[in-house]
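Text of the file protein.pdb, holding PDB, C-alpha atoms and all ligand atoms:
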ATOM      1  CA  MET N   1     -26.524 -52.222 -34.589
ATOM      2  CA  GLY N   2     -23.919 -52.602 -31.886
ATOM      3  CA  VAL N   3     -20.199 -52.694 -32.329
ATOM      4  CA  SER N   4     -18.771 -56.053 -31.686
ATOM      5  CA  VAL N   5     -15.203 -56.401 -30.661
ATOM      6  CA  SER N   6     -13.660 -59.749 -30.883
ATOM      7  CA  TYR N   7     -11.270 -61.154 -28.365
ATOM      8  CA  THR N   8      -8.648 -60.923 -31.072
ATOM      9  CA  ASP N   9      -9.290 -57.170 -31.557
ATOM     10  CA  LYS N  10      -8.858 -56.528 -27.840
ATOM     11  CA  GLN N  11      -5.641 -58.396 -27.887
ATOM     12  CA  LYS N  12      -4.410 -56.357 -30.806
ATOM     13  CA  GLY N  13      -4.782 -53.009 -29.075
ATOM     14  CA  LEU N  14      -7.467 -50.354 -28.579
ATOM     15  CA  THR N  15     -11.140 -50.961 -28.856
ATOM     16  CA  ARG N  16     -13.127 -48.503 -30.905
ATOM     17  CA  ARG N  17     -14.635 -47.076 -27.703
ATOM     18  CA  GLN N  18     -11.193 -46.607 -26.178
ATOM     19  CA  PHE N  19      -9.916 -45.019 -29.354
ATOM     20  CA  LEU N  20     -12.784 -42.549 -29.450
ATOM     21  CA  THR N  21     -12.363 -41.757 -25.755
ATOM     22  CA  TYR N  22      -8.666 -41.071 -26.145
ATOM     23  CA  ALA N  23      -9.170 -39.127 -29.352
ATOM     24  CA  LEU N  24     -11.853 -36.881 -27.875
ATOM     25  CA  GLY N  25      -9.954 -36.468 -24.623
ATOM     26  CA  GLY N  26      -6.778 -35.555 -26.443
ATOM     27  CA  THR N  27      -8.579 -33.101 -28.688
ATOM     28  CA  GLY N  28     -10.283 -31.513 -25.685
ATOM     29  CA  ALA N  29      -7.008 -31.187 -23.803
ATOM     30  CA  PHE N  30      -5.329 -29.678 -26.855
ATOM     31  CA  MET N  31      -8.122 -27.138 -27.284
ATOM     32  CA  ALA N  32      -8.024 -26.247 -23.586
ATOM     33  CA  VAL N  33      -4.267 -25.635 -23.684
ATOM     34  CA  ALA N  34      -4.629 -23.656 -26.916
ATOM     35  CA  ALA N  35      -7.352 -21.489 -25.363
ATOM     36  CA  VAL N  36      -5.893 -20.986 -21.880
ATOM     37  CA  GLY N  37      -2.171 -21.188 -22.600
ATOM     38  CA  PRO N  38      -1.782 -17.665 -23.997
ATOM     39  CA  LEU N  39      -3.587 -16.260 -20.946
ATOM     40  CA  ILE N  40      -1.236 -17.781 -18.382
ATOM     41  CA  PRO N  41       1.509 -15.137 -18.728
ATOM     42  CA  PHE N  42      -1.103 -12.401 -18.227
ATOM     43  CA  ALA N  43      -2.424 -14.118 -15.109
ATOM     44  CA  VAL N  44       1.020 -14.643 -13.617
ATOM     45  CA  ASP N  45       2.464 -11.290 -14.679
ATOM     46  CA  PRO N  46       0.929  -9.166 -11.888
ATOM     47  CA  LEU N  47       2.376 -11.548  -9.320
ATOM     48  CA  THR N  48       5.836 -11.192 -10.758
ATOM     49  CA  ARG N  49       5.551  -7.424 -11.009
ATOM     50  CA  GLY N  50       4.638  -6.982  -7.344
ATOM     51  CA  THR N  51       3.925  -3.630  -5.802
ATOM     52  CA  THR N  52       6.256  -0.692  -6.113
ATOM     53  CA  GLU N  53       5.894   2.743  -4.692
ATOM     54  CA  THR N  54       8.089   5.747  -5.198
ATOM     55  CA  PHE N  55       9.415   8.442  -2.917
ATOM     56  CA  SER N  56       8.372  12.060  -3.264
ATOM     57  CA  THR N  57      10.341  15.198  -2.403
ATOM     58  CA  VAL N  58       8.689  17.354   0.263
ATOM     59  CA  GLY N  59      11.322  20.055   0.747
ATOM     60  CA  THR N  60      14.906  20.793   1.671
ATOM     61  CA  GLU N  61      16.420  19.981   5.049
ATOM     62  CA  SER N  62      16.648  23.671   5.926
ATOM     63  CA  GLU N  63      12.820  23.965   5.880
ATOM     64  CA  PHE N  64      12.352  21.587   8.778
ATOM     65  CA  ASN N  65      13.245  21.858  12.432
ATOM     66  CA  THR N  66      12.832  20.018  15.708
ATOM     67  CA  SER N  67      10.374  22.544  17.221
ATOM     68  CA  TYR N  68       7.212  22.075  15.192
ATOM     69  CA  PRO N  69       5.865  19.782  12.462
ATOM     70  CA  LEU N  70       5.190  21.135   8.978
ATOM     71  CA  ALA N  71       2.223  19.889   6.951
ATOM     72  CA  LYS N  72       3.229  18.705   3.493
ATOM     73  CA  ASP N  73       1.135  17.269   0.670
ATOM     74  CA  PHE N  74       2.824  14.798  -1.637
ATOM     75  CA  THR N  75       1.993  12.232  -4.272
ATOM     76  CA  LEU N  76       3.279   8.702  -4.491
ATOM     77  CA  LYS N  77       3.051   6.656  -7.639
ATOM     78  CA  GLN N  78       1.945   3.163  -6.814
ATOM     79  CA  LYS N  79       2.229   0.338  -9.308
ATOM     80  CA  ASP N  80       0.241  -2.734  -8.421
ATOM     81  CA  GLY N  81       0.471  -5.365 -11.155
ATOM     82  CA  TRP N  82      -0.892  -3.605 -14.218
ATOM     83  CA  ILE N  83      -2.489  -0.781 -12.307
ATOM     84  CA  GLN N  84      -0.623   2.453 -11.710
ATOM     85  CA  VAL N  85      -2.196   5.131  -9.578
ATOM     86  CA  ASP N  86      -1.128   8.408  -8.022
ATOM     87  CA  ASN N  87      -1.997   8.533  -4.337
ATOM     88  CA  THR N  88      -1.967  11.913  -2.624
ATOM     89  CA  TYR N  89      -1.204  12.096   1.086
ATOM     90  CA  THR N  90      -0.623  14.708   3.745
ATOM     91  CA  ALA N  91       2.024  14.284   6.405
ATOM     92  CA  PHE N  92       3.180  16.352   9.360
ATOM     93  CA  ILE N  93       6.956  16.283   9.169
ATOM     94  CA  ILE N  94       9.321  17.118  11.989
ATOM     95  CA  LYS N  95      13.063  16.752  12.312
ATOM     96  CA  GLN N  96      14.147  14.610  15.226
ATOM     97  CA  GLN N  97      17.062  15.138  17.562
ATOM     98  CA  ASP N  98      19.046  12.379  15.859
ATOM     99  CA  GLY N  99      18.740  14.164  12.499
ATOM    100  CA  THR N 100      16.180  11.794  11.012
ATOM    101  CA  TYR N 101      12.670  12.848  10.000
ATOM    102  CA  LEU N 102       9.319  11.781  11.348
ATOM    103  CA  ALA N 103       6.515  12.003   8.774
ATOM    104  CA  MET N 104       3.162  11.454  10.461
ATOM    105  CA  SER N 105      -0.025  10.756   8.517
ATOM    106  CA  ASN N 106      -2.815  13.275   9.027
ATOM    107  CA  ILE N 107      -5.365  10.469   9.198
ATOM    108  CA  CYS N 108      -6.731   9.834  12.668
ATOM    109  CA  THR N 109      -6.150   6.273  13.842
ATOM    110  CA  HIS N 110      -9.593   6.150  15.447
ATOM    111  CA  LEU N 111     -11.968   6.184  12.459
ATOM    112  CA  GLY N 112     -10.019   7.951   9.762
ATOM    113  CA  CYS N 113     -10.914  11.656   9.919
ATOM    114  CA  ALA N 114      -8.233  14.190   9.046
ATOM    115  CA  VAL N 115      -6.558  15.638  12.113
ATOM    116  CA  SER N 116      -5.621  19.306  12.123
ATOM    117  CA  GLN N 117      -2.880  21.434  13.532
ATOM    118  CA  GLN N 118      -3.023  25.046  14.665
ATOM    119  CA  LEU N 119      -1.062  27.968  13.292
ATOM    120  CA  GLY N 120       0.112  30.793  15.525
ATOM    121  CA  SER N 121      -0.056  34.491  14.712
ATOM    122  CA  ASP N 122       3.374  34.157  13.090
ATOM    123  CA  GLY N 123       1.990  31.542  10.671
ATOM    124  CA  LYS N 124       3.989  28.749  12.253
ATOM    125  CA  PRO N 125       2.417  25.600  13.714
ATOM    126  CA  THR N 126       1.853  25.824  17.426
ATOM    127  CA  ALA N 127       0.416  23.582  20.134
ATOM    128  CA  PHE N 128      -3.321  23.713  20.880
ATOM    129  CA  SER N 129      -2.556  23.380  24.548
ATOM    130  CA  ASN N 130       0.034  21.770  26.735
ATOM    131  CA  GLY N 131       1.646  19.061  24.593
ATOM    132  CA  ILE N 132      -1.307  18.768  22.212
ATOM    133  CA  TRP N 133      -0.257  19.391  18.610
ATOM    134  CA  PHE N 134      -2.940  17.598  16.617
ATOM    135  CA  GLN N 135      -6.666  17.363  17.156
ATOM    136  CA  CYS N 136      -9.309  15.292  15.432
ATOM    137  CA  PRO N 137     -12.596  17.115  14.760
ATOM    138  CA  CYS N 138     -14.691  13.947  14.714
ATOM    139  CA  HIS N 139     -14.447  12.467  18.213
ATOM    140  CA  GLY N 140     -11.805  14.585  19.870
ATOM    141  CA  SER N 141      -8.652  12.486  19.716
ATOM    142  CA  GLN N 142      -5.561  14.466  20.556
ATOM    143  CA  PHE N 143      -1.948  13.743  19.660
ATOM    144  CA  SER N 144       1.436  14.936  20.866
ATOM    145  CA  LEU N 145       4.225  16.590  18.869
ATOM    146  CA  THR N 146       5.364  13.145  17.745
ATOM    147  CA  GLY N 147       1.844  11.904  17.028
ATOM    148  CA  VAL N 148       1.208   9.882  20.178
ATOM    149  CA  GLN N 149      -2.405   9.824  21.325
ATOM    150  CA  THR N 150      -3.344  11.105  24.770
ATOM    151  CA  PRO N 151      -4.675   8.508  27.240
ATOM    152  CA  VAL N 152      -8.249   9.813  27.011
ATOM    153  CA  SER N 153      -8.391   9.837  23.216
ATOM    154  CA  PRO N 154     -10.682   7.423  21.385
ATOM    155  CA  ALA N 155      -7.725   6.700  19.085
ATOM    156  CA  GLN N 156      -5.853   3.719  20.476
ATOM    157  CA  ARG N 157      -2.568   4.093  18.644
ATOM    158  CA  PRO N 158      -0.251   6.841  17.391
ATOM    159  CA  LEU N 159      -0.547   8.445  13.979
ATOM    160  CA  ASP N 160       0.813   6.194  11.240
ATOM    161  CA  ILE N 161       4.102   7.187   9.694
ATOM    162  CA  PHE N 162       5.713   7.210   6.261
ATOM    163  CA  LEU N 163       9.263   6.235   5.428
ATOM    164  CA  THR N 164      11.623   9.179   5.083
ATOM    165  CA  LYS N 165      15.084   9.714   3.670
ATOM    166  CA  VAL N 166      17.415  12.550   2.695
ATOM    167  CA  ASP N 167      19.216  12.472  -0.640
ATOM    168  CA  SER N 168      22.748  13.659  -1.364
ATOM    169  CA  THR N 169      21.533  17.178  -2.250
ATOM    170  CA  GLY N 170      19.714  17.688   1.058
ATOM    171  CA  GLN N 171      16.213  17.024  -0.225
ATOM    172  CA  VAL N 172      13.837  15.361   2.209
ATOM    173  CA  LEU N 173      11.814  12.578   0.632
ATOM    174  CA  VAL N 174       8.772  10.758   1.928
ATOM    175  CA  GLY N 175       7.613   7.475   0.574
ATOM    176  CA  SER N 176       6.130   4.072   0.895
ATOM    177  CA  LYS N 177       2.838   3.287   2.456
ATOM    178  CA  LYS N 178       1.853   4.291   5.917
ATOM    179  CA  HIS N 179       3.161   2.087   8.661
ATOM    180  CA  GLN N 180       1.680   1.508  12.042
ATOM    181  CA  ARG N 181       3.998   1.944  14.956
ATOM    182  CA  THR N 182       3.951   1.196  18.605
ATOM    183  CA  VAL N 183       5.170   3.801  21.053
TER     184      VAL N 183
HETATM  185  S1  LIG N 201     -11.947   9.685  13.849
HETATM  186 FE1  LIG N 201     -10.614  10.865  15.029
HETATM  187  S2  LIG N 201     -11.384  10.726  17.023
HETATM  188 FE2  LIG N 201     -12.707   9.508  15.855
END
Rewrite the structure of this file - the entire thing - as structure tokens.
Amino acid sequence: MGVSVSYTDKQKGLTRRQFLTYALGGTGAFMAVAAVGPLIPFAVDPLTRGTTETFSTVGTESEFNTSYPLAKDFTLKQKDGWIQVDNTYTAFIIKQQDGTYLAMSNICTHLGCAVSQQLGSDGKPTAFSNGIWFQCPCHGSQFSLTGVQTPVSPAQRPLDIFLTKVDSTGQVLVGSKKHQRTV
């Protein structure tokens, strides 16, 4: 048996079909908000937290000099949304003439092998040959004292660098992600 709606009913307001449609739609919308609403802060939270990364102390100023780079391992805490991880890096750190520090990543900019440096008989880093301070064992890229690739190297850009700073007590700190540079 069908539902008959008189002209008078329509004039009065909702039809039964319209009422049911609105009622079901409203109930569905309410249930959706009730189910999803509490999750919204969790979804948005990582965006508002952003990414933070700390600095790590690698030594005192007196350890470093402008003659050769020292290899230093350090750990940076990285917080990405809810995830916090400790990333360990190695950098070759040398003091520059202007008193700032250059912290070069040990990761070759060709395909990502670890480059090495050579130690002399006195235990201090020394050049492999004329102007070559870092070599990559994988495909032979070579880099200068400041991490610039030689023209014949497969690597097409200098070693990436980390941010550096010196605190008020003379501690050298390295931090933030690696940055590409152009030389
Ligand atoms: S990865 Fe270093 S030369 Fe290829």
### Query
Got a sec to resolve the PyMOL selection byres (((chain N and resi 87-100) around 8) and not hetatm) on this structure and send the residues as a PyMOL selection string?
chain N and resi 64-78+85-86+101-106+162+164-165
Requested write-out: C-alpha atoms of the selected residues, as a PDB file, keeping the file's coordinate frame:
ATOM      1  CA  PHE N  64      12.352  21.587   8.778  1.00  0.00           C
ATOM      2  CA  ASN N  65      13.245  21.858  12.432  1.00  0.00           C
ATOM      3  CA  THR N  66      12.832  20.018  15.708  1.00  0.00           C
ATOM      4  CA  SER N  67      10.374  22.544  17.221  1.00  0.00           C
ATOM      5  CA  TYR N  68       7.212  22.075  15.192  1.00  0.00           C
ATOM      6  CA  PRO N  69       5.865  19.782  12.462  1.00  0.00           C
ATOM      7  CA  LEU N  70       5.190  21.135   8.978  1.00  0.00           C
ATOM      8  CA  ALA N  71       2.223  19.889   6.951  1.00  0.00           C
ATOM      9  CA  LYS N  72       3.229  18.705   3.493  1.00  0.00           C
ATOM     10  CA  ASP N  73       1.135  17.269   0.670  1.00  0.00           C
ATOM     11  CA  PHE N  74       2.824  14.798  -1.637  1.00  0.00           C
ATOM     12  CA  THR N  75       1.993  12.232  -4.272  1.00  0.00           C
ATOM     13  CA  LEU N  76       3.279   8.702  -4.491  1.00  0.00           C
ATOM     14  CA  LYS N  77       3.051   6.656  -7.639  1.00  0.00           C
ATOM     15  CA  GLN N  78       1.945   3.163  -6.814  1.00  0.00           C
ATOM     16  CA  VAL N  85      -2.196   5.131  -9.578  1.00  0.00           C
ATOM     17  CA  ASP N  86      -1.128   8.408  -8.022  1.00  0.00           C
ATOM     18  CA  TYR N 101      12.670  12.848  10.000  1.00  0.00           C
ATOM     19  CA  LEU N 102       9.319  11.781  11.348  1.00  0.00           C
ATOM     20  CA  ALA N 103       6.515  12.003   8.774  1.00  0.00           C
ATOM     21  CA  MET N 104       3.162  11.454  10.461  1.00  0.00           C
ATOM     22  CA  SER N 105      -0.025  10.756   8.517  1.00  0.00           C
ATOM     23  CA  ASN N 106      -2.815  13.275   9.027  1.00  0.00           C
ATOM     24  CA  PHE N 162       5.713   7.210   6.261  1.00  0.00           C
ATOM     25  CA  THR N 164      11.623   9.179   5.083  1.00  0.00           C
ATOM     26  CA  LYS N 165      15.084   9.714   3.670  1.00  0.00           C
TER      27      LYS N 165
END
### Message
Residue by residue, what does the PyMOL selection byres (((not hetatm)) within 6 of (chain N and resi 201)) grab here? Present the result as a PyMOL selection string.
### Response
chain N and resi 108+110-113+136+138-141+154-155
### Task
Could you expand the PyMOL selection byres (((chain N and resi 116) around 6) and not hetatm) into the explicit residues it covers here, written as number ranges by chain?
N: 115, 117, 134-135
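Taking atom CA of N:Ile132 as the reference point, atom CA of N:Glu61 is found at 24.7 Å.
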### Summary
re atom CA of N:Thr57 and atom CA of N:Ile107: distance 20.1 Å
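Distances here use all atoms listed in the file; by that measure, the residue among N:Leu159, N:Ser129, N:Pro137, N:Phe143 closest to N:Thr109 is N:Leu159.
Among the candidate residues N:Ser56, N:Ser176, N:Thr27, N:Gln149, the one lying nearest to N:Ile161 is N:Ser176, with distances computed using all atoms listed in the file.
In this comparison, which uses all atoms listed in the file, the residue of N:Thr169, N:Ser121, N:Gln142, N:Thr60 approaching N:Arg157 most closely is N:Gln142.
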